[in-house]
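File shown: work_13.txt (compact mmCIF, N, CA and C atoms).
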# COMPACT_ATOMS: atom_id res chain seq x y z
N MET A 1 167.83 107.74 194.68
CA MET A 1 168.05 106.42 195.22
C MET A 1 169.52 106.26 195.56
N SER A 2 169.79 105.77 196.73
CA SER A 2 171.16 105.66 197.21
C SER A 2 171.69 104.24 197.00
N ASN A 3 172.99 104.15 196.67
CA ASN A 3 173.64 102.85 196.53
C ASN A 3 174.27 102.39 197.83
N GLN A 4 174.14 103.16 198.89
CA GLN A 4 174.76 102.80 200.16
C GLN A 4 174.08 101.58 200.75
N SER A 5 174.89 100.71 201.31
CA SER A 5 174.39 99.49 201.95
C SER A 5 173.79 99.82 203.30
N ASN A 6 172.80 99.04 203.70
CA ASN A 6 172.21 99.21 205.02
C ASN A 6 173.03 98.55 206.11
N GLN A 7 174.11 97.84 205.70
CA GLN A 7 174.94 97.18 206.69
C GLN A 7 175.81 98.20 207.40
N SER A 8 175.92 98.05 208.71
CA SER A 8 176.81 98.94 209.45
C SER A 8 178.21 98.34 209.46
N PRO A 9 179.25 99.18 209.59
CA PRO A 9 180.60 98.66 209.61
C PRO A 9 180.84 97.83 210.86
N ASN A 10 181.83 96.94 210.79
CA ASN A 10 182.19 96.15 211.97
C ASN A 10 182.56 97.08 213.10
N ASN A 11 182.27 96.66 214.32
CA ASN A 11 182.54 97.46 215.49
C ASN A 11 184.01 97.89 215.56
N HIS A 12 184.94 96.98 215.19
CA HIS A 12 186.35 97.32 215.29
C HIS A 12 186.85 98.17 214.13
N ASP A 13 186.03 98.37 213.10
CA ASP A 13 186.41 99.23 211.99
C ASP A 13 186.17 100.71 212.29
N VAL A 14 185.41 101.00 213.33
CA VAL A 14 185.09 102.37 213.69
C VAL A 14 186.01 102.80 214.83
N VAL A 15 186.74 103.90 214.63
CA VAL A 15 187.62 104.41 215.68
C VAL A 15 186.75 105.08 216.73
N GLN A 16 186.75 104.50 217.92
CA GLN A 16 185.96 105.04 219.01
C GLN A 16 186.82 105.77 220.02
N CYS A 17 188.13 105.58 219.93
CA CYS A 17 189.04 106.26 220.85
C CYS A 17 190.27 106.70 220.07
N LEU A 18 190.69 107.93 220.29
CA LEU A 18 191.86 108.49 219.60
C LEU A 18 192.78 109.09 220.65
N ILE A 19 194.04 108.67 220.61
CA ILE A 19 195.07 109.30 221.43
C ILE A 19 195.90 110.11 220.45
N GLY A 20 195.69 111.41 220.47
CA GLY A 20 196.28 112.30 219.47
C GLY A 20 197.75 112.58 219.67
N ARG A 21 198.35 113.13 218.63
CA ARG A 21 199.75 113.53 218.66
C ARG A 21 199.95 114.53 219.80
N GLY A 22 201.02 114.33 220.57
CA GLY A 22 201.31 115.21 221.69
C GLY A 22 200.67 114.77 222.99
N ILE A 23 199.82 113.75 222.95
CA ILE A 23 199.16 113.24 224.16
C ILE A 23 199.97 112.08 224.71
N GLU A 24 200.18 112.05 226.02
CA GLU A 24 200.83 110.93 226.69
C GLU A 24 199.87 110.39 227.74
N PHE A 25 199.53 109.10 227.60
CA PHE A 25 198.62 108.43 228.52
C PHE A 25 199.42 107.45 229.36
N LYS A 26 199.29 107.53 230.70
CA LYS A 26 199.97 106.60 231.59
C LYS A 26 198.94 105.77 232.34
N GLY A 27 199.11 104.44 232.31
CA GLY A 27 198.19 103.56 233.00
C GLY A 27 197.69 102.46 232.09
N GLU A 28 196.74 101.67 232.58
CA GLU A 28 196.15 100.59 231.80
C GLU A 28 194.98 101.14 231.00
N LEU A 29 194.99 100.86 229.70
CA LEU A 29 193.95 101.37 228.80
C LEU A 29 193.11 100.20 228.31
N SER A 30 191.81 100.24 228.57
CA SER A 30 190.88 99.21 228.12
C SER A 30 189.91 99.85 227.14
N PHE A 31 189.61 99.15 226.03
CA PHE A 31 188.76 99.75 225.00
C PHE A 31 187.90 98.70 224.32
N THR A 32 186.89 99.17 223.59
CA THR A 32 186.11 98.33 222.69
C THR A 32 186.13 99.00 221.33
N GLY A 33 185.93 98.23 220.28
CA GLY A 33 185.90 98.80 218.93
C GLY A 33 187.29 99.15 218.44
N GLY A 34 187.42 100.34 217.88
CA GLY A 34 188.68 100.77 217.31
C GLY A 34 189.41 101.78 218.17
N LEU A 35 190.74 101.64 218.22
CA LEU A 35 191.60 102.55 218.96
C LEU A 35 192.72 102.99 218.03
N HIS A 36 192.87 104.31 217.87
CA HIS A 36 193.94 104.85 217.02
C HIS A 36 194.88 105.66 217.90
N ILE A 37 196.18 105.40 217.76
CA ILE A 37 197.17 106.07 218.60
C ILE A 37 198.17 106.84 217.74
N ASP A 38 198.18 108.16 217.93
CA ASP A 38 199.19 109.04 217.32
C ASP A 38 200.18 109.50 218.38
N GLY A 39 199.80 109.40 219.64
CA GLY A 39 200.63 109.87 220.75
C GLY A 39 201.40 108.73 221.39
N ARG A 40 201.49 108.79 222.73
CA ARG A 40 202.27 107.79 223.47
C ARG A 40 201.42 107.20 224.59
N VAL A 41 201.48 105.87 224.74
CA VAL A 41 200.81 105.17 225.83
C VAL A 41 201.89 104.47 226.63
N ILE A 42 201.93 104.78 227.94
CA ILE A 42 202.87 104.11 228.84
C ILE A 42 202.03 103.23 229.75
N GLY A 43 202.02 101.94 229.46
CA GLY A 43 201.18 101.00 230.18
C GLY A 43 200.56 100.02 229.21
N SER A 44 199.81 99.07 229.74
CA SER A 44 199.22 98.04 228.89
C SER A 44 197.94 98.52 228.22
N ILE A 45 197.68 97.94 227.06
CA ILE A 45 196.46 98.24 226.29
C ILE A 45 195.75 96.92 226.06
N LYS A 46 194.44 96.90 226.34
CA LYS A 46 193.69 95.66 226.21
C LYS A 46 192.28 95.96 225.75
N ASN A 47 191.83 95.24 224.70
CA ASN A 47 190.42 95.39 224.36
C ASN A 47 189.61 94.48 225.29
N GLN A 48 188.40 94.91 225.58
CA GLN A 48 187.59 94.17 226.55
C GLN A 48 187.35 92.75 226.07
N ALA A 49 187.27 91.83 227.01
CA ALA A 49 187.30 90.39 226.75
C ALA A 49 186.34 89.90 225.68
N ASP A 50 185.12 90.38 225.68
CA ASP A 50 184.16 89.83 224.73
C ASP A 50 183.95 90.72 223.51
N SER A 51 184.94 91.55 223.19
CA SER A 51 184.78 92.40 222.01
C SER A 51 185.92 92.15 221.03
N THR A 52 185.63 92.38 219.77
CA THR A 52 186.68 92.35 218.77
C THR A 52 187.18 93.77 218.65
N GLY A 53 188.44 93.95 218.83
CA GLY A 53 189.01 95.29 218.80
C GLY A 53 190.12 95.39 217.78
N ARG A 54 190.37 96.61 217.36
CA ARG A 54 191.46 96.88 216.42
C ARG A 54 192.25 98.06 216.94
N ILE A 55 193.55 97.88 217.05
CA ILE A 55 194.45 98.97 217.40
C ILE A 55 195.19 99.37 216.15
N THR A 56 195.21 100.67 215.88
CA THR A 56 195.99 101.22 214.79
C THR A 56 197.00 102.18 215.40
N LEU A 57 198.27 101.89 215.23
CA LEU A 57 199.33 102.72 215.76
C LEU A 57 199.99 103.44 214.60
N SER A 58 199.92 104.78 214.61
CA SER A 58 200.47 105.55 213.51
C SER A 58 202.00 105.56 213.58
N ARG A 59 202.60 106.10 212.56
CA ARG A 59 204.06 106.18 212.46
C ARG A 59 204.67 106.93 213.64
N GLU A 60 203.95 107.91 214.16
CA GLU A 60 204.43 108.71 215.29
C GLU A 60 204.06 108.08 216.63
N GLY A 61 203.18 107.08 216.62
CA GLY A 61 202.68 106.48 217.85
C GLY A 61 203.70 105.59 218.54
N ILE A 62 203.65 105.61 219.89
CA ILE A 62 204.56 104.80 220.70
C ILE A 62 203.74 104.14 221.82
N VAL A 63 203.97 102.84 222.01
CA VAL A 63 203.36 102.12 223.13
C VAL A 63 204.49 101.49 223.93
N ASP A 64 204.58 101.86 225.22
CA ASP A 64 205.53 101.25 226.15
C ASP A 64 204.74 100.34 227.07
N GLY A 65 204.48 99.13 226.63
CA GLY A 65 203.69 98.18 227.39
C GLY A 65 203.15 97.10 226.47
N ASN A 66 202.47 96.12 227.06
CA ASN A 66 201.91 95.02 226.28
C ASN A 66 200.58 95.42 225.66
N VAL A 67 200.32 94.84 224.49
CA VAL A 67 199.09 95.11 223.74
C VAL A 67 198.34 93.80 223.58
N THR A 68 197.05 93.79 223.95
CA THR A 68 196.19 92.62 223.76
C THR A 68 194.95 93.06 223.01
N THR A 69 194.72 92.46 221.84
CA THR A 69 193.62 92.87 220.99
C THR A 69 193.26 91.76 220.01
N CYS A 70 192.27 92.01 219.19
CA CYS A 70 191.94 91.08 218.12
C CYS A 70 192.87 91.35 216.93
N ASP A 71 192.81 92.57 216.38
CA ASP A 71 193.63 92.95 215.23
C ASP A 71 194.52 94.13 215.59
N ALA A 72 195.71 94.18 214.98
CA ALA A 72 196.64 95.29 215.22
C ALA A 72 197.31 95.70 213.92
N GLU A 73 197.29 96.99 213.63
CA GLU A 73 198.04 97.56 212.51
C GLU A 73 199.08 98.47 213.11
N ILE A 74 200.35 98.09 212.96
CA ILE A 74 201.43 98.79 213.62
C ILE A 74 202.27 99.53 212.58
N ASN A 75 202.34 100.86 212.74
CA ASN A 75 203.20 101.70 211.91
C ASN A 75 204.29 102.33 212.75
N GLY A 76 204.10 102.39 214.06
CA GLY A 76 205.02 103.06 214.97
C GLY A 76 205.82 102.08 215.80
N THR A 77 206.01 102.41 217.09
CA THR A 77 206.90 101.66 217.97
C THR A 77 206.12 101.02 219.12
N VAL A 78 206.36 99.72 219.33
CA VAL A 78 205.80 99.01 220.47
C VAL A 78 206.96 98.41 221.26
N ASN A 79 207.09 98.84 222.51
CA ASN A 79 208.08 98.29 223.42
C ASN A 79 207.35 97.39 224.41
N GLY A 80 207.06 96.17 223.97
CA GLY A 80 206.30 95.21 224.75
C GLY A 80 205.77 94.14 223.83
N ASP A 81 205.09 93.17 224.39
CA ASP A 81 204.54 92.06 223.62
C ASP A 81 203.21 92.47 222.98
N ILE A 82 202.93 91.86 221.82
CA ILE A 82 201.64 92.03 221.16
C ILE A 82 200.95 90.67 221.17
N HIS A 83 199.74 90.63 221.72
CA HIS A 83 198.92 89.41 221.74
C HIS A 83 197.68 89.69 220.90
N ALA A 84 197.59 89.06 219.72
CA ALA A 84 196.45 89.30 218.83
C ALA A 84 195.75 87.98 218.53
N THR A 85 194.44 87.97 218.72
CA THR A 85 193.67 86.77 218.40
C THR A 85 193.28 86.75 216.92
N GLY A 86 193.54 87.83 216.23
CA GLY A 86 193.23 87.93 214.80
C GLY A 86 194.50 88.18 214.01
N CYS A 87 194.52 89.30 213.31
CA CYS A 87 195.60 89.62 212.37
C CYS A 87 196.49 90.75 212.89
N VAL A 88 197.79 90.59 212.70
CA VAL A 88 198.76 91.64 212.99
C VAL A 88 199.38 92.06 211.66
N VAL A 89 199.39 93.37 211.39
CA VAL A 89 200.06 93.91 210.21
C VAL A 89 201.18 94.82 210.70
N LEU A 90 202.42 94.48 210.32
CA LEU A 90 203.57 95.30 210.67
C LEU A 90 204.01 96.05 209.42
N HIS A 91 203.81 97.35 209.43
CA HIS A 91 204.11 98.20 208.28
C HIS A 91 205.60 98.55 208.23
N PRO A 92 206.07 99.14 207.12
CA PRO A 92 207.51 99.38 206.93
C PRO A 92 208.21 100.18 208.02
N HIS A 93 207.52 101.08 208.69
CA HIS A 93 208.17 101.91 209.72
C HIS A 93 207.91 101.40 211.13
N SER A 94 207.38 100.19 211.25
CA SER A 94 207.08 99.66 212.58
C SER A 94 208.35 99.12 213.24
N HIS A 95 208.39 99.29 214.58
CA HIS A 95 209.49 98.77 215.40
C HIS A 95 208.84 98.08 216.60
N VAL A 96 209.06 96.78 216.73
CA VAL A 96 208.51 96.04 217.85
C VAL A 96 209.66 95.43 218.64
N SER A 97 209.75 95.79 219.92
CA SER A 97 210.73 95.19 220.83
C SER A 97 209.94 94.34 221.81
N GLY A 98 209.68 93.11 221.43
CA GLY A 98 208.88 92.20 222.24
C GLY A 98 208.39 91.07 221.35
N ASP A 99 207.76 90.10 221.95
CA ASP A 99 207.23 88.96 221.21
C ASP A 99 205.88 89.32 220.58
N VAL A 100 205.60 88.71 219.43
CA VAL A 100 204.33 88.93 218.73
C VAL A 100 203.60 87.59 218.65
N TYR A 101 202.44 87.51 219.32
CA TYR A 101 201.58 86.33 219.30
C TYR A 101 200.44 86.65 218.33
N TYR A 102 200.20 85.79 217.36
CA TYR A 102 199.26 86.11 216.30
C TYR A 102 198.54 84.88 215.78
N GLU A 103 197.37 85.11 215.21
CA GLU A 103 196.64 84.10 214.46
C GLU A 103 197.07 84.19 212.99
N ARG A 104 197.11 85.41 212.48
CA ARG A 104 197.58 85.71 211.12
C ARG A 104 198.51 86.91 211.20
N ILE A 105 199.51 86.96 210.32
CA ILE A 105 200.45 88.07 210.37
C ILE A 105 200.86 88.48 208.95
N GLU A 106 201.08 89.76 208.79
CA GLU A 106 201.61 90.31 207.54
C GLU A 106 202.75 91.25 207.92
N ILE A 107 203.94 90.96 207.39
CA ILE A 107 205.11 91.77 207.71
C ILE A 107 205.59 92.43 206.42
N ARG A 108 205.55 93.74 206.40
CA ARG A 108 205.99 94.48 205.22
C ARG A 108 207.50 94.75 205.29
N ARG A 109 208.12 94.86 204.12
CA ARG A 109 209.55 95.14 204.05
C ARG A 109 209.86 96.43 204.79
N GLY A 110 210.85 96.36 205.68
CA GLY A 110 211.24 97.52 206.46
C GLY A 110 210.79 97.43 207.91
N ALA A 111 209.85 96.54 208.21
CA ALA A 111 209.41 96.36 209.60
C ALA A 111 210.56 95.77 210.41
N CYS A 112 210.68 96.22 211.66
CA CYS A 112 211.77 95.77 212.52
C CYS A 112 211.18 95.08 213.75
N ILE A 113 211.62 93.84 214.00
CA ILE A 113 211.12 93.07 215.13
C ILE A 113 212.31 92.57 215.94
N ASN A 114 212.31 92.90 217.23
CA ASN A 114 213.33 92.39 218.14
C ASN A 114 212.59 91.53 219.16
N GLY A 115 212.32 90.30 218.79
CA GLY A 115 211.55 89.39 219.63
C GLY A 115 211.15 88.18 218.81
N LYS A 116 210.31 87.35 219.39
CA LYS A 116 209.86 86.13 218.72
C LYS A 116 208.52 86.35 218.05
N LEU A 117 208.30 85.63 216.96
CA LEU A 117 207.00 85.55 216.31
C LEU A 117 206.40 84.21 216.71
N ILE A 118 205.24 84.24 217.36
CA ILE A 118 204.65 83.02 217.89
C ILE A 118 203.24 82.85 217.35
N ALA A 119 203.05 81.85 216.49
CA ALA A 119 201.72 81.56 215.93
C ALA A 119 200.87 80.91 217.00
N THR A 120 199.62 81.33 217.07
CA THR A 120 198.72 80.79 218.10
C THR A 120 197.61 79.96 217.50
N HIS A 121 197.85 79.36 216.33
CA HIS A 121 196.85 78.49 215.72
C HIS A 121 196.66 77.29 216.63
N GLU A 122 195.49 77.13 217.19
CA GLU A 122 195.25 76.07 218.16
C GLU A 122 195.39 74.67 217.58
N ASN A 123 194.92 74.47 216.35
CA ASN A 123 194.94 73.13 215.77
C ASN A 123 196.02 72.95 214.71
N LYS A 124 196.92 73.89 214.58
CA LYS A 124 197.91 73.85 213.52
C LYS A 124 198.78 72.60 213.52
N PRO A 125 199.38 72.17 214.64
CA PRO A 125 200.22 70.98 214.59
C PRO A 125 199.47 69.73 214.14
N ALA A 126 198.25 69.54 214.61
CA ALA A 126 197.47 68.37 214.22
C ALA A 126 197.15 68.40 212.74
N GLU A 127 196.79 69.56 212.23
CA GLU A 127 196.49 69.69 210.80
C GLU A 127 197.73 69.40 209.98
N SER A 128 198.89 69.90 210.39
CA SER A 128 200.13 69.70 209.64
C SER A 128 200.46 68.22 209.54
N SER A 129 200.40 67.50 210.66
CA SER A 129 200.74 66.08 210.62
C SER A 129 199.72 65.32 209.78
N SER A 130 198.47 65.72 209.83
CA SER A 130 197.44 65.07 209.04
C SER A 130 197.72 65.23 207.55
N ILE A 131 198.11 66.42 207.15
CA ILE A 131 198.42 66.67 205.74
C ILE A 131 199.64 65.86 205.32
N LEU A 132 200.67 65.82 206.18
CA LEU A 132 201.87 65.04 205.86
C LEU A 132 201.53 63.56 205.74
N ASP A 133 200.66 63.05 206.60
CA ASP A 133 200.25 61.65 206.53
C ASP A 133 199.53 61.35 205.22
N LYS A 134 198.72 62.30 204.74
CA LYS A 134 198.01 62.09 203.49
C LYS A 134 198.97 62.10 202.31
N LEU A 135 200.00 62.97 202.37
CA LEU A 135 200.96 63.04 201.28
C LEU A 135 201.89 61.83 201.25
N ASN A 136 202.20 61.29 202.41
CA ASN A 136 203.11 60.15 202.51
C ASN A 136 202.51 59.13 203.50
N PRO A 137 201.65 58.23 203.00
CA PRO A 137 200.94 57.30 203.87
C PRO A 137 201.87 56.38 204.67
N THR A 138 203.11 56.16 204.23
CA THR A 138 204.01 55.29 204.96
C THR A 138 204.70 56.01 206.10
N ARG A 139 204.52 57.30 206.19
CA ARG A 139 205.12 58.11 207.26
C ARG A 139 204.49 57.74 208.59
N LYS A 140 205.29 57.59 209.63
CA LYS A 140 204.78 57.30 210.96
C LYS A 140 204.56 58.61 211.70
N SER A 141 203.38 58.77 212.28
CA SER A 141 203.08 59.97 213.06
C SER A 141 203.86 59.95 214.36
N ALA A 142 204.27 61.16 214.81
CA ALA A 142 205.01 61.27 216.07
C ALA A 142 204.09 61.18 217.25
Will you turn the file into structure tokens for me?
Amino acid sequence: MSNQSNQSPNNHDVVQCLIGRGIEFKGELSFTGGLHIDGRVIGSIKNQADSTGRITLSREGIVDGNVTTCDAEINGTVNGDIHATGCVVLHPHSHVSGDVYYERIEIRRGACINGKLIATHENKPAESSSILDKLNPTRKSA
């Protein structure tokens, strides 16, 4: 009898595309599911519009272009903006030269960012003022 679950892993948890060490890809790269990069991509990377995607960039990986995805785990170098509708994790050896747009972010000690961090929480300002109003009822909303 097996203890393995009948549930399949999330689509973005499975690496469906690998750009290996020593490989250089030039152009626009579109993907679904998981994408792992050990090599170099010169151009934009985008997961397809109606899919949840995850990009994993290894310590040796380099992206010269913008990245658009659901989740991103960055260990290497990104020379461009990162647009993530989910979570961005910047590991200790990551170097980002560009703006990072995120829903959730985790920045580990040693990560280097040369750009802006921009939260994309759609309802965040309204929630913040609502909480402040509850804490201080005499406060006037802006």
- [ ] Using all atoms listed in the file, find all polymer residues with an atom at most 5 Å away from the point (205.5, 90.7, 221.7); report them as an NGL selection string.
- [x] :A and (80-82 or 98-100)
Open item on the list: Excluding range 35-52 of chain A and its own-chain neighbours fewer than 2 positions away, which residues fall within 12 Å of it when counting only C-alpha atoms? Please give them as a PyMOL selection string.
Closed with: chain A and resi 10-33+54-87
Open item on the list: For the strand (DSSP E or B) assignment from backbone DSSP, which residues of range 11-120 of chain A qualify? Please present them as a PyMOL selection string.
Closed with: chain A and resi 15-19+24-26+29-31+34-37+40-42+45-47+54-57+62-64+67-69+71-74+77-78+82-84+87-90+95-97+100-102+104-107+112-114+117-119
- [ ] For CA of Ile107 in chain A and CA of Thr120 in chain A, determine how far apart the two atoms are, in Å to one decimal place.
- [x]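 These two atoms are separated by 16.4 Å.
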TODO: Using CA of Arg108 in chain A and CA of His121 in chain A as the two end points, give the distance in Å to one decimal.
DONE: 21.2 Å
